[in-house]
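**Student:** What follows is upload_19.txt, made up of compact mmCIF, C-alpha atoms and all ligand atoms:
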# COMPACT_ATOMS: atom_id res chain seq x y z
CA MET Y 1 2.33 -17.63 -2.83
CA LYS Y 2 3.91 -18.74 0.45
CA ASP Y 3 4.22 -15.13 1.61
CA LEU Y 4 0.58 -14.43 0.83
CA ASP Y 5 -0.57 -17.55 2.71
CA ARG Y 6 1.54 -16.63 5.71
CA LEU Y 7 0.22 -13.05 5.75
CA TYR Y 8 -3.35 -14.30 5.49
CA ASN Y 9 -2.89 -16.76 8.35
CA GLU Y 10 -1.36 -14.15 10.62
CA TYR Y 11 -4.21 -11.77 9.79
CA LYS Y 12 -6.89 -14.39 10.45
CA ASN Y 13 -5.36 -15.05 13.87
CA ALA Y 14 -5.35 -11.34 14.79
CA PRO Y 15 -8.01 -9.81 17.08
CA GLU Y 16 -11.43 -9.03 15.62
CA LEU Y 17 -10.76 -5.26 15.48
CA PHE Y 18 -8.06 -5.89 12.87
CA GLN Y 19 -10.34 -7.93 10.60
CA ALA Y 20 -11.90 -6.13 7.64
CA GLY Y 21 -15.39 -4.71 8.15
CA ARG Y 22 -18.40 -5.80 6.11
CA TYR Y 23 -17.52 -3.57 3.13
CA TRP Y 24 -14.06 -5.10 2.60
CA LYS Y 25 -15.01 -8.63 3.56
CA ALA Y 26 -17.01 -8.68 0.32
CA TYR Y 27 -13.77 -8.23 -1.68
CA GLU Y 28 -11.23 -10.13 0.40
CA ASP Y 29 -11.61 -13.68 -0.92
CA ARG Y 30 -12.06 -12.54 -4.51
CA ILE Y 31 -8.86 -10.48 -4.38
CA ILE Y 32 -6.89 -13.35 -2.88
CA SER Y 33 -8.07 -15.89 -5.44
CA GLN Y 34 -7.40 -13.41 -8.28
CA ILE Y 35 -3.82 -12.89 -7.01
CA ARG Y 36 -3.26 -16.65 -7.11
CA ASN Y 37 -4.06 -16.71 -10.84
CA ALA Y 38 -2.70 -13.34 -11.83
CA ASP Y 39 0.36 -12.40 -13.85
CA ILE Y 40 1.89 -9.71 -11.66
CA GLU Y 41 3.52 -8.12 -14.69
CA GLN Y 42 -0.03 -7.26 -15.83
CA LEU Y 43 -1.09 -5.78 -12.49
CA ARG Y 44 -2.05 -2.39 -13.92
CA SER Y 45 -3.21 -3.50 -17.34
CA GLY Y 46 -6.90 -3.63 -16.55
CA LYS Y 47 -6.86 -7.41 -16.92
CA TYR Y 48 -7.79 -7.75 -13.23
CA PRO Y 49 -10.51 -5.17 -12.48
CA ILE Y 50 -10.77 -6.33 -8.83
CA PHE Y 51 -7.30 -4.80 -8.19
CA GLY Y 52 -8.91 -1.45 -9.03
CA THR Y 53 -10.68 -1.60 -5.65
CA PHE Y 54 -7.39 -0.61 -4.03
CA GLY Y 55 -5.90 1.74 -6.57
CA PHE Y 56 -4.56 -0.32 -9.47
CA SER Y 57 -7.26 1.08 -11.73
CA GLU Y 58 -5.29 2.34 -14.65
CA GLN Y 59 -7.55 1.68 -17.57
CA VAL Y 60 -8.94 4.45 -19.72
CA TYR Y 61 -12.41 2.93 -19.74
CA ASN Y 62 -13.52 1.36 -16.48
CA TYR Y 63 -15.99 -1.45 -16.92
CA ARG Y 64 -17.76 -2.36 -13.75
CA ILE Y 65 -16.56 -5.52 -12.04
CA ASN Y 66 -18.84 -8.49 -12.73
CA MET Y 67 -20.63 -6.69 -15.50
CA PRO Y 68 -22.61 -9.23 -17.53
CA PHE Y 69 -21.07 -10.16 -20.88
CA TYR Y 70 -23.87 -8.63 -22.98
CA LYS Y 71 -23.43 -5.26 -21.23
CA LYS Y 72 -19.69 -5.34 -21.76
CA LEU Y 73 -20.23 -6.14 -25.41
CA THR Y 74 -22.76 -3.31 -25.83
CA ARG Y 75 -20.30 -0.88 -24.28
CA GLN Y 76 -17.52 -2.09 -26.49
CA ILE Y 77 -19.68 -1.64 -29.56
CA ILE Y 78 -20.72 1.86 -28.47
CA ARG Y 79 -17.09 2.71 -27.83
CA LYS Y 80 -15.97 1.43 -31.22
CA LEU Y 81 -18.76 3.09 -33.15
CA PHE Y 82 -19.12 6.40 -31.38
CA ILE Y 83 -16.41 7.32 -28.89
CA THR Y 84 -13.75 7.45 -31.58
CA ASN Y 85 -16.03 9.96 -33.26
CA ARG Y 86 -14.67 12.93 -31.38
CA ALA Y 87 -17.53 15.22 -32.20
CA ILE Y 88 -19.76 13.28 -29.81
CA LEU Y 89 -17.77 14.48 -26.78
CA PRO Y 90 -18.32 18.02 -25.43
CA TYR Y 91 -16.36 20.68 -27.32
CA SER Y 92 -15.03 17.88 -29.56
CA ILE Y 93 -12.63 16.94 -26.81
CA LYS Y 94 -10.10 14.12 -27.33
CA LEU Y 95 -8.47 11.77 -24.85
CA SER Y 96 -5.18 13.63 -25.35
CA ASP Y 97 -6.92 16.92 -24.42
CA ILE Y 98 -8.18 15.41 -21.16
CA ARG Y 99 -4.71 14.15 -20.34
CA GLU Y 100 -3.14 17.50 -21.15
CA MET Y 101 -5.67 19.38 -19.03
CA ALA Y 102 -5.05 16.99 -16.14
CA TYR Y 103 -1.30 17.49 -16.51
CA ASN Y 104 -1.71 21.29 -16.59
CA HIS Y 105 -3.88 21.06 -13.47
CA CYS Y 106 -1.00 19.23 -11.80
CA LEU Y 107 1.45 21.93 -12.90
CA LEU Y 108 -0.76 24.59 -11.29
CA GLN Y 109 -1.40 22.65 -8.07
CA GLY Y 110 2.35 22.04 -7.78
CA GLN Y 111 2.97 25.78 -8.03
CA ILE Y 112 0.30 26.59 -5.45
CA ALA Y 113 1.84 24.04 -3.07
CA ASN Y 114 5.31 25.38 -3.88
CA THR Y 115 6.57 21.87 -4.46
CA THR Y 116 8.40 19.71 -7.02
CA SER Y 117 6.68 19.95 -10.38
CA ILE Y 118 5.03 16.90 -11.95
CA SER Y 119 7.28 17.61 -14.95
CA GLU Y 120 10.32 16.51 -12.91
CA PHE Y 121 9.44 12.86 -12.34
CA GLU Y 122 7.36 10.07 -13.85
CA THR Y 123 5.53 6.86 -13.04
CA CYS Y 124 7.13 3.43 -12.91
CA THR Y 125 5.71 1.29 -15.72
CA PHE Y 126 5.77 -2.01 -13.84
CA GLY Y 127 2.42 -3.79 -14.14
CA ASN Y 128 1.90 -2.59 -17.73
CA PRO Y 129 -0.61 0.24 -17.10
CA GLU Y 130 -3.08 0.43 -19.96
CA ASP Y 131 -3.48 4.17 -19.46
CA LEU Y 132 0.18 5.03 -20.03
CA PHE Y 133 0.89 8.29 -21.83
CA GLU Y 134 3.82 10.62 -22.29
CA ILE Y 135 4.04 14.37 -21.88
CA ASN Y 136 7.37 16.09 -22.50
CA SER Y 137 9.05 12.66 -22.63
CA LYS Y 138 7.87 11.67 -19.14
CA LYS Y 139 5.46 8.80 -18.46
CA TYR Y 140 2.19 9.20 -16.55
CA THR Y 141 -1.17 7.57 -15.94
CA MET Y 142 -4.25 9.51 -14.86
CA GLN Y 143 -4.18 7.61 -11.57
CA PHE Y 144 -0.56 8.70 -10.96
CA LEU Y 145 -1.59 12.33 -11.60
CA ASN Y 146 -4.51 11.90 -9.18
CA TYR Y 147 -2.16 10.93 -6.34
CA TYR Y 148 0.05 13.92 -7.17
CA ILE Y 149 -3.00 16.21 -6.74
CA ARG Y 150 -3.61 14.69 -3.28
CA PHE Y 151 0.03 15.24 -2.40
CA CYS Y 152 -0.17 18.93 -3.44
CA PHE Y 153 -3.17 19.54 -1.18
CA ALA Y 154 -1.41 17.85 1.73
CA GLN Y 155 1.90 19.60 1.08
CA LYS Y 156 0.29 23.05 1.12
CA ASN Y 157 -0.58 22.36 4.74
CA LEU Y 158 2.20 20.04 5.87
CA GLN Y 159 5.18 21.89 4.38
CA LEU Y 160 7.27 18.73 4.48
CA ARG Y 161 11.05 19.28 4.49
CA GLY Y 162 11.72 15.76 3.26
CA ASP Y 163 13.13 13.99 6.33
CA GLU Y 164 9.84 13.28 8.11
CA THR Y 165 8.24 9.97 9.05
CA ILE Y 166 4.81 9.19 7.62
CA VAL Y 167 2.50 6.33 8.58
CA GLU Y 168 -0.04 5.27 5.96
CA LEU Y 169 -2.85 2.87 6.75
CA GLY Y 170 -4.54 1.27 3.72
CA SER Y 171 -1.79 2.10 1.20
CA GLY Y 172 -3.55 0.05 -1.50
CA SER Y 173 -1.48 0.14 -4.69
CA GLY Y 174 1.32 2.22 -3.12
CA LEU Y 175 1.11 4.93 -5.80
CA GLN Y 176 0.87 7.62 -3.09
CA VAL Y 177 4.05 6.31 -1.49
CA GLU Y 178 5.72 6.26 -4.92
CA ILE Y 179 4.89 9.98 -5.38
CA LEU Y 180 6.02 10.92 -1.87
CA LYS Y 181 9.33 9.07 -2.18
CA LYS Y 182 10.06 10.31 -5.70
CA ILE Y 183 9.66 13.87 -4.47
CA TYR Y 184 11.38 13.31 -1.11
CA PRO Y 185 13.72 10.29 -1.24
CA ASN Y 186 14.66 10.71 2.44
CA LEU Y 187 11.15 10.31 3.83
CA THR Y 188 10.62 7.30 6.10
CA ILE Y 189 7.25 5.68 5.41
CA LEU Y 190 5.52 2.90 7.35
CA CYS Y 191 2.70 1.28 5.36
CA PHE Y 192 0.05 -0.92 6.98
CA ASP Y 193 -2.58 -2.85 5.05
CA LEU Y 194 -4.70 -5.98 4.78
CA PRO Y 195 -2.79 -9.05 3.48
CA ALA Y 196 -3.80 -9.12 -0.19
CA PRO Y 197 -3.27 -5.42 -1.05
CA LEU Y 198 -0.08 -5.46 1.03
CA PHE Y 199 1.28 -8.43 -0.91
CA LEU Y 200 0.84 -6.64 -4.27
CA CYS Y 201 1.80 -3.21 -2.98
CA GLU Y 202 5.18 -4.33 -1.69
CA GLN Y 203 6.02 -5.95 -4.99
CA TYR Y 204 4.99 -2.85 -6.90
CA LEU Y 205 6.92 -0.48 -4.62
CA ALA Y 206 10.04 -2.65 -4.80
CA LYS Y 207 9.96 -2.13 -8.58
CA ALA Y 208 9.04 1.57 -8.38
CA LEU Y 209 11.53 2.56 -5.66
CA GLY Y 210 14.05 -0.27 -5.63
CA ASP Y 211 14.51 -3.39 -3.50
CA LYS Y 212 16.91 -1.62 -1.18
CA VAL Y 213 14.35 1.03 -0.19
CA VAL Y 214 11.43 -1.28 0.54
CA VAL Y 215 11.48 -3.49 3.64
CA LYS Y 216 8.93 -6.17 2.78
CA SER Y 217 6.49 -7.80 5.17
CA ASN Y 218 8.55 -11.01 5.37
CA GLN Y 219 11.30 -8.85 6.93
CA THR Y 220 9.02 -6.78 9.19
CA ARG Y 221 7.10 -9.73 10.65
CA ASP Y 222 9.63 -10.26 13.45
CA ILE Y 223 9.89 -6.59 14.40
CA THR Y 224 8.70 -6.21 17.97
CA ASP Y 225 9.37 -2.49 18.39
CA LEU Y 226 10.13 0.40 16.07
CA LYS Y 227 13.30 1.65 17.80
CA ASN Y 228 15.57 0.55 14.96
CA ILE Y 229 13.56 1.85 12.03
CA GLU Y 230 16.06 3.01 9.38
CA LYS Y 231 15.58 6.53 8.04
CA GLY Y 232 14.65 6.82 4.37
CA LYS Y 233 13.13 3.36 4.04
CA VAL Y 234 9.60 2.20 3.29
CA TYR Y 235 8.41 -0.50 5.71
CA MET Y 236 5.53 -2.81 4.82
CA PHE Y 237 3.45 -4.14 7.73
CA GLY Y 238 0.28 -6.17 8.08
CA ASN Y 239 -2.50 -4.01 9.54
CA TRP Y 240 -2.61 -6.28 12.62
CA ASN Y 241 0.89 -4.96 13.47
CA PHE Y 242 -0.59 -1.50 14.10
CA PRO Y 243 -0.12 -1.75 17.89
CA LEU Y 244 3.64 -1.37 17.21
CA LEU Y 245 2.85 2.34 16.83
CA GLN Y 246 1.65 2.64 20.43
CA SER Y 247 4.67 4.66 21.58
CA PHE Y 248 6.28 5.58 18.26
CA LYS Y 249 6.53 9.32 17.55
CA PHE Y 250 6.09 10.34 13.91
CA ASP Y 251 5.01 13.33 11.84
CA VAL Y 252 2.04 12.52 9.62
CA PHE Y 253 -0.70 9.91 9.65
CA TRP Y 254 -2.19 9.35 6.15
CA ASN Y 255 -5.41 7.53 5.27
CA ALA Y 256 -7.15 7.83 1.90
CA ALA Y 257 -10.41 6.17 0.86
CA SER Y 258 -9.87 3.55 3.53
CA PHE Y 259 -11.38 4.55 6.91
CA GLY Y 260 -14.66 5.13 5.10
CA GLU Y 261 -14.70 1.43 4.17
CA MET Y 262 -14.45 0.37 7.82
CA GLU Y 263 -16.84 0.50 10.76
CA PRO Y 264 -16.51 3.27 13.39
CA ASN Y 265 -15.18 0.96 16.14
CA ILE Y 266 -12.43 -0.29 13.79
CA VAL Y 267 -11.43 3.29 12.91
CA LYS Y 268 -11.44 4.35 16.58
CA ASN Y 269 -9.19 1.43 17.40
CA TYR Y 270 -6.62 2.45 14.75
CA LEU Y 271 -6.78 6.10 15.84
CA SER Y 272 -6.17 5.11 19.47
CA TYR Y 273 -2.63 4.05 18.48
CA ILE Y 274 -1.67 7.22 16.63
CA LYS Y 275 -3.51 10.17 18.20
CA GLU Y 276 -0.91 10.78 20.88
CA ASN Y 277 2.02 10.17 18.57
CA CYS Y 278 1.72 12.32 15.45
CA GLN Y 279 1.53 16.02 14.63
CA TYR Y 280 -0.63 15.92 11.50
CA VAL Y 281 -3.39 13.77 10.01
CA TYR Y 282 -4.31 13.72 6.29
CA LEU Y 283 -7.66 12.16 5.41
CA LEU Y 284 -9.46 11.77 2.09
CA GLN Y 285 -12.86 10.11 2.59
CA ALA Y 286 -16.44 9.98 1.33
CA ARG Y 287 -18.02 13.12 2.81
CA LYS Y 288 -21.37 11.51 3.53
CA GLY Y 289 -20.01 8.03 4.20
CA LYS Y 290 -19.75 5.01 1.90
CA GLU Y 291 -22.69 3.04 0.51
CA SER Y 292 -24.73 1.18 3.10
CA SER Y 293 -27.74 -1.11 2.91
CA GLY Y 294 -29.22 -3.78 5.14
CA THR Y 295 -26.90 -6.43 3.74
CA SER Y 296 -24.01 -4.76 1.94
CA GLY Y 297 -21.60 -1.85 2.09
CA VAL Y 298 -20.65 -0.47 5.47
CA ALA Y 299 -23.04 -1.12 8.35
CA THR Y 300 -22.53 2.41 9.75
CA PRO Y 301 -21.32 5.09 7.35
CA ILE Y 302 -18.74 7.50 8.74
CA LYS Y 303 -19.32 11.13 7.75
CA TYR Y 304 -17.01 14.15 7.75
CA ASN Y 305 -18.25 15.38 11.17
CA ASP Y 306 -17.61 11.93 12.67
CA TYR Y 307 -13.93 12.25 11.74
CA VAL Y 308 -13.87 15.73 13.33
CA SER Y 309 -15.19 14.25 16.60
CA MET Y 310 -12.90 11.22 16.49
CA LEU Y 311 -9.90 13.50 16.03
CA ASP Y 312 -10.42 15.42 19.26
CA GLY Y 313 -7.13 17.00 20.27
CA PHE Y 314 -6.54 18.00 16.62
CA GLU Y 315 -7.82 20.97 14.64
CA VAL Y 316 -8.71 21.07 10.96
CA ILE Y 317 -6.35 23.39 9.14
CA GLU Y 318 -7.82 22.93 5.66
CA GLU Y 319 -10.76 20.97 4.32
CA ALA Y 320 -11.94 20.95 0.70
CA ASP Y 321 -13.70 18.81 -1.88
CA ALA Y 322 -11.27 16.14 -3.06
CA LEU Y 323 -10.09 16.40 -6.65
CA ASP Y 324 -8.72 14.01 -9.18
CA ALA Y 325 -6.42 15.49 -11.80
CA HIS Y 326 -9.23 15.65 -14.36
CA ARG Y 327 -12.40 16.06 -12.28
CA LYS Y 328 -13.93 16.38 -8.85
CA MET Y 329 -14.16 13.06 -6.98
CA SER Y 330 -17.90 12.68 -7.13
CA GLN Y 331 -18.52 8.99 -6.41
CA SER Y 332 -20.39 8.08 -3.19
CA GLY Y 333 -21.79 11.62 -2.97
CA GLY Y 334 -18.39 13.33 -3.06
CA TYR Y 335 -15.13 13.10 -1.15
CA PHE Y 336 -13.39 15.58 1.11
CA GLN Y 337 -9.72 15.86 1.86
CA ALA Y 338 -8.47 17.59 4.98
CA VAL Y 339 -5.39 18.10 7.09
CA TRP Y 340 -5.61 18.15 10.89
CA LYS Y 341 -2.88 19.52 13.17
CA LYS Y 342 -2.38 18.51 16.79
CA SER Y 343 -3.68 21.25 19.08
CA ASN Y 344 -1.17 22.73 21.52
C1 LIG G 1 -10.24 1.93 -1.70
S1 LIG G 1 -8.73 1.31 -1.14
C2 LIG G 1 -7.78 2.81 -1.04
C3 LIG G 1 -6.34 2.58 -1.29
C4 LIG G 1 -5.48 3.84 -1.34
N1 LIG G 1 -5.37 4.45 -0.05
C5 LIG G 1 -6.06 4.80 -2.34
O1 LIG G 1 -6.44 5.91 -1.95
O2 LIG G 1 -6.14 4.45 -3.52
C6 LIG G 1 -9.05 0.90 0.57
C7 LIG G 1 -7.82 0.46 1.32
O3 LIG G 1 -8.16 0.30 2.70
C8 LIG G 1 -7.71 -0.96 3.16
N2 LIG G 1 -8.60 -1.42 4.24
C9 LIG G 1 -9.92 -1.66 4.19
N3 LIG G 1 -10.37 -2.11 5.38
C10 LIG G 1 -9.29 -2.16 6.21
C11 LIG G 1 -9.11 -2.52 7.57
N4 LIG G 1 -10.13 -2.94 8.32
N5 LIG G 1 -7.88 -2.41 8.10
C12 LIG G 1 -6.85 -1.98 7.33
N6 LIG G 1 -6.95 -1.62 6.04
C13 LIG G 1 -8.16 -1.70 5.48
C14 LIG G 1 -7.76 -1.86 1.94
O4 LIG G 1 -6.94 -2.97 2.06
C15 LIG G 1 -7.29 -0.88 0.85
O5 LIG G 1 -5.89 -0.83 0.76
Show the structure stored in the file as structure tokens.
**Tutor:**
Amino acid sequence: MKDLDRLYNEYKNAPELFQAGRYWKAYEDRIISQIRNADIEQLRSGKYPIFGTFGFSEQVYNYRINMPFYKKLTRQIIRKLFITNRAILPYSIKLSDIREMAYNHCLLQGQIANTTSISEFETCTFGNPEDLFEINSKKYTMQFLNYYIRFCFAQKNLQLRGDETIVELGSGSGLQVEILKKIYPNLTILCFDLPAPLFLCEQYLAKALGDKVVVKSNQTRDITDLKNIEKGKVYMFGNWNFPLLQSFKFDVFWNAASFGEMEPNIVKNYLSYIKENCQYVYLLQARKGKESSGTSGVATPIKYNDYVSMLDGFEVIEEADALDAHRKMSQSGGYFQAVWKKSN
């Protein structure tokens, strides 16, 4: 855990604008203490629901974090007694039908985006995902398919050739990076995140893509400028290293379900480092902003139109409701995904 402690110390000593906002502060300590006691080989097994807050949610049934024991038990009983009775689900649908429909949705979105088909690659199984299934001898989880759907939307608009440089802030589990790199092995990707997600993400990506591809945070910590970034690699940085991007030209900035969990001044600060330097921005966020109350959630929700104003100098080229592979993303009042292009 030395690396985690070091990351956390560096983060705590960073300026206030690089500290998590109120929404994420509520998770931070719990995630760190869970990592200390976790078996990393079980990262995706559902054994650690708190890791689902940043993308490692690969169970079939998602029980809410901190759900009281009696509620969990009731749900388990209901599941045992009734859910296996297929007739109770609409049109007598089975889990395998849902998976197949999600897979077929991916096949179609891949064709629309004119990109590599989901049938040509598969998920890494590190972390023992509970929701692992096979279609045509390839392994998937629903979450993996979800990130492929996001990629298809982005690719329709970005038309990546495969040699671009992408910066992702708030990479979470790294499953999006896994998809991007499996489709385009020559992409260069710079990931920035808070210490705890970063610590797990870099270990996952090293398994999914190989140790040689991933430059971990203990190797990036002494980087003082990005002149010598090696093409085709994935670099893992603490979010407080974001100022390194100040004069670094790249192609796409990517942020999914992350800006919405920050406060507007924090988001504006991040954007100030990238707005002059990239050609495209991909965002997937809660359309009406994340939950907010007097004491919890975000203090000031950021809505779709706020992103449009913050991205002055860019124009929206496509905006749509965000989709998972098997449904519309409907939590928090719905999500949008959109691609912005730098105006001439
Ligand atoms: C809900 S997760 C989304 C993860 C991933 N992008 C996805 O779509 O599954 C939110 C991510 O934003 C990151 N995040 C939250 N607040 C942040 C901040 N102030 N600075 C940098 N990253 C932050 C978290 O660490 C986490 O990785």
**Student:** Give me the box for ligand LIG 1 (chain G) as JSON, namely the centre and edge lengths in Å to one decimal of a box along x, y and z that holds every listed atom plus 5 Å on each side.
**Tutor:**
{"center_x": -7.9, "center_y": 1.5, "center_z": 2.4, "size_x": 15.0, "size_y": 18.9, "size_z": 21.8}
**Student:** Excluding stretch 195-198 of chain Y and any residue of its chain fewer than 6 positions from it, enumerate the residues within 10 Å of it, using only C-alpha atoms, and give them as a ChimeraX atom specification.
**Tutor:** /Y:3-12,28-35,51,53-56,170-174,204,216-217,236-240
**Student:** Quick one, how far is atom CA of Y:Phe253 from atom CA of Y:Asn13?
**Tutor:** 25.7 Å
**Student:** Applying 9 Å and only C-alpha atoms, which residues near Y:Leu311 remain after dropping the ones on its own chain fewer than 4 positions away? List them as an NGL selection string.
**Tutor:** :Y and (271 or 275 or 281 or 306-307 or 315 or 340)
**Student:** Need the shell around Y:Ala102: protein/DNA/RNA residues with any atom at most 8 Å away, counting only C-alpha atoms. Skip same-chain ones fewer than 4 positions apart. Format as a PDB file with C-alpha atoms, in the coordinates of the input?
**Tutor:**
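Saved result, out-v2.pdb, follows:
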ATOM      1  CA  ILE Y  98      -8.180  15.410 -21.160  1.00  0.00           C
ATOM      2  CA  CYS Y 106      -1.000  19.230 -11.800  1.00  0.00           C
ATOM      3  CA  MET Y 142      -4.250   9.510 -14.860  1.00  0.00           C
ATOM      4  CA  LEU Y 145      -1.590  12.330 -11.600  1.00  0.00           C
ATOM      5  CA  ALA Y 325      -6.420  15.490 -11.800  1.00  0.00           C
ATOM      6  CA  HIS Y 326      -9.230  15.650 -14.360  1.00  0.00           C
TER       7      HIS Y 326
END
**Student:** Quick one: of Y:Ser258, Y:Ser57, Y:Ser330, Y:Thr188, who's nearest to Y:Val298, counting only C-alpha atoms?
**Tutor:**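 For Y:Val298, the nearest of the candidates is Y:Ser258.
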**Student:** Quick one: distance from atom CA of Y:Leu107 to atom CA of Y:Tyr304 in Å, one decimal?
**Tutor:**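 Going from atom CA of Y:Leu107 over to atom CA of Y:Tyr304 covers 28.8 Å.
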**Student:** I'd like the interatomic distance between atom CA of Y:Ile149 and atom CA of Y:Gly46, to a tenth of an Å.
**Tutor:**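 These two atoms are separated by 22.5 Å.
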**Student:** Go through Y:Gln246, Y:Asn255, Y:Ser343, Y:Gln279 one by one, measure the shortest atom-to-atom distance of each to ligand LIG 1 (chain G) using only C-alpha atoms and all ligand atoms, and give the residue with the smallest value.
**Tutor:** Y:Asn255
**Student:** Dig up all the protein and nucleic acid residues within 10 Å of (-5.1, 25.1, 8.5) in the file frame, using only C-alpha atoms, and format them as a ChimeraX atom specification.
**Tutor:** /Y:156-158,315-319,338-341
**Student:** For the residues selected in the previous step, produce a file with C-alpha atoms as a compact mmCIF listing (two decimals), keeping the file's coordinate frame.
**Tutor:**
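New file selection.txt:
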# COMPACT_ATOMS: atom_id res chain seq x y z
CA LYS Y 156 0.29 23.05 1.12
CA ASN Y 157 -0.58 22.36 4.74
CA LEU Y 158 2.20 20.04 5.87
CA GLU Y 315 -7.82 20.97 14.64
CA VAL Y 316 -8.71 21.07 10.96
CA ILE Y 317 -6.35 23.39 9.14
CA GLU Y 318 -7.82 22.93 5.66
CA GLU Y 319 -10.76 20.97 4.32
CA ALA Y 338 -8.47 17.59 4.98
CA VAL Y 339 -5.39 18.10 7.09
CA TRP Y 340 -5.61 18.15 10.89
CA LYS Y 341 -2.88 19.52 13.17
**Student:** Calculated over all atoms listed in the file, which of the candidates Y:Gln111, Y:Gln219, Y:Thr125, Y:Gln176 has the smallest distance to Y:Phe151?
**Tutor:**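 When distances to Y:Phe151 are compared using all atoms listed in the file, the smallest one comes from Y:Gln176.
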**Student:** Could I see stretch 247-263 of chain Y restored to N, CA and C atoms, set down as an mmCIF file, in the frame of the given file?
**Tutor:**
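After the write, selection.cif holds the following:
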data_model
loop_
_atom_site.group_PDB
_atom_site.id
_atom_site.type_symbol
_atom_site.label_atom_id
_atom_site.label_comp_id
_atom_site.auth_asym_id
_atom_site.auth_seq_id
_atom_site.Cartn_x
_atom_site.Cartn_y
_atom_site.Cartn_z
ATOM 1 N N SER Y 247 3.838 3.599 20.983
ATOM 2 C CA SER Y 247 4.670 4.660 21.580
ATOM 3 C C SER Y 247 5.717 5.148 20.593
ATOM 4 N N PHE Y 248 5.348 5.168 19.309
ATOM 5 C CA PHE Y 248 6.280 5.580 18.260
ATOM 6 C C PHE Y 248 5.909 6.996 17.797
ATOM 7 N N LYS Y 249 6.819 7.929 17.947
ATOM 8 C CA LYS Y 249 6.530 9.320 17.550
ATOM 9 C C LYS Y 249 6.806 9.488 16.052
ATOM 10 N N PHE Y 250 5.879 10.094 15.345
ATOM 11 C CA PHE Y 250 6.090 10.340 13.910
ATOM 12 C C PHE Y 250 5.384 11.636 13.524
ATOM 13 N N ASP Y 251 5.485 12.012 12.248
ATOM 14 C CA ASP Y 251 5.010 13.330 11.840
ATOM 15 C C ASP Y 251 3.585 13.333 11.294
ATOM 16 N N VAL Y 252 3.333 12.451 10.318
ATOM 17 C CA VAL Y 252 2.040 12.520 9.620
ATOM 18 C C VAL Y 252 1.377 11.153 9.564
ATOM 19 N N PHE Y 253 0.091 11.120 9.876
ATOM 20 C CA PHE Y 253 -0.700 9.910 9.650
ATOM 21 C C PHE Y 253 -1.539 10.154 8.388
ATOM 22 N N TRP Y 254 -1.543 9.178 7.466
ATOM 23 C CA TRP Y 254 -2.190 9.350 6.150
ATOM 24 C C TRP Y 254 -3.191 8.219 5.938
ATOM 25 N N ASN Y 255 -4.429 8.569 5.598
ATOM 26 C CA ASN Y 255 -5.410 7.530 5.270
ATOM 27 C C ASN Y 255 -6.331 8.048 4.174
ATOM 28 N N ALA Y 256 -6.346 7.372 3.040
ATOM 29 C CA ALA Y 256 -7.150 7.830 1.900
ATOM 30 C C ALA Y 256 -8.091 6.730 1.446
ATOM 31 N N ALA Y 257 -9.371 7.081 1.376
ATOM 32 C CA ALA Y 257 -10.410 6.170 0.860
ATOM 33 C C ALA Y 257 -10.356 4.814 1.540
ATOM 34 N N SER Y 258 -10.070 4.807 2.826
ATOM 35 C CA SER Y 258 -9.870 3.550 3.530
ATOM 36 C C SER Y 258 -10.687 3.504 4.837
ATOM 37 N N PHE Y 259 -10.550 4.514 5.687
ATOM 38 C CA PHE Y 259 -11.380 4.550 6.910
ATOM 39 C C PHE Y 259 -12.860 4.451 6.564
ATOM 40 N N GLY Y 260 -13.244 5.109 5.477
ATOM 41 C CA GLY Y 260 -14.660 5.130 5.100
ATOM 42 C C GLY Y 260 -15.192 3.740 4.781
ATOM 43 N N GLU Y 261 -14.278 2.786 4.519
ATOM 44 C CA GLU Y 261 -14.700 1.430 4.170
ATOM 45 C C GLU Y 261 -14.650 0.519 5.400
ATOM 46 N N MET Y 262 -14.474 1.136 6.562
ATOM 47 C CA MET Y 262 -14.450 0.370 7.820
ATOM 48 C C MET Y 262 -15.644 0.794 8.689
ATOM 49 N N GLU Y 263 -15.803 0.125 9.805
ATOM 50 C CA GLU Y 263 -16.840 0.500 10.760
ATOM 51 C C GLU Y 263 -16.230 1.441 11.811
#
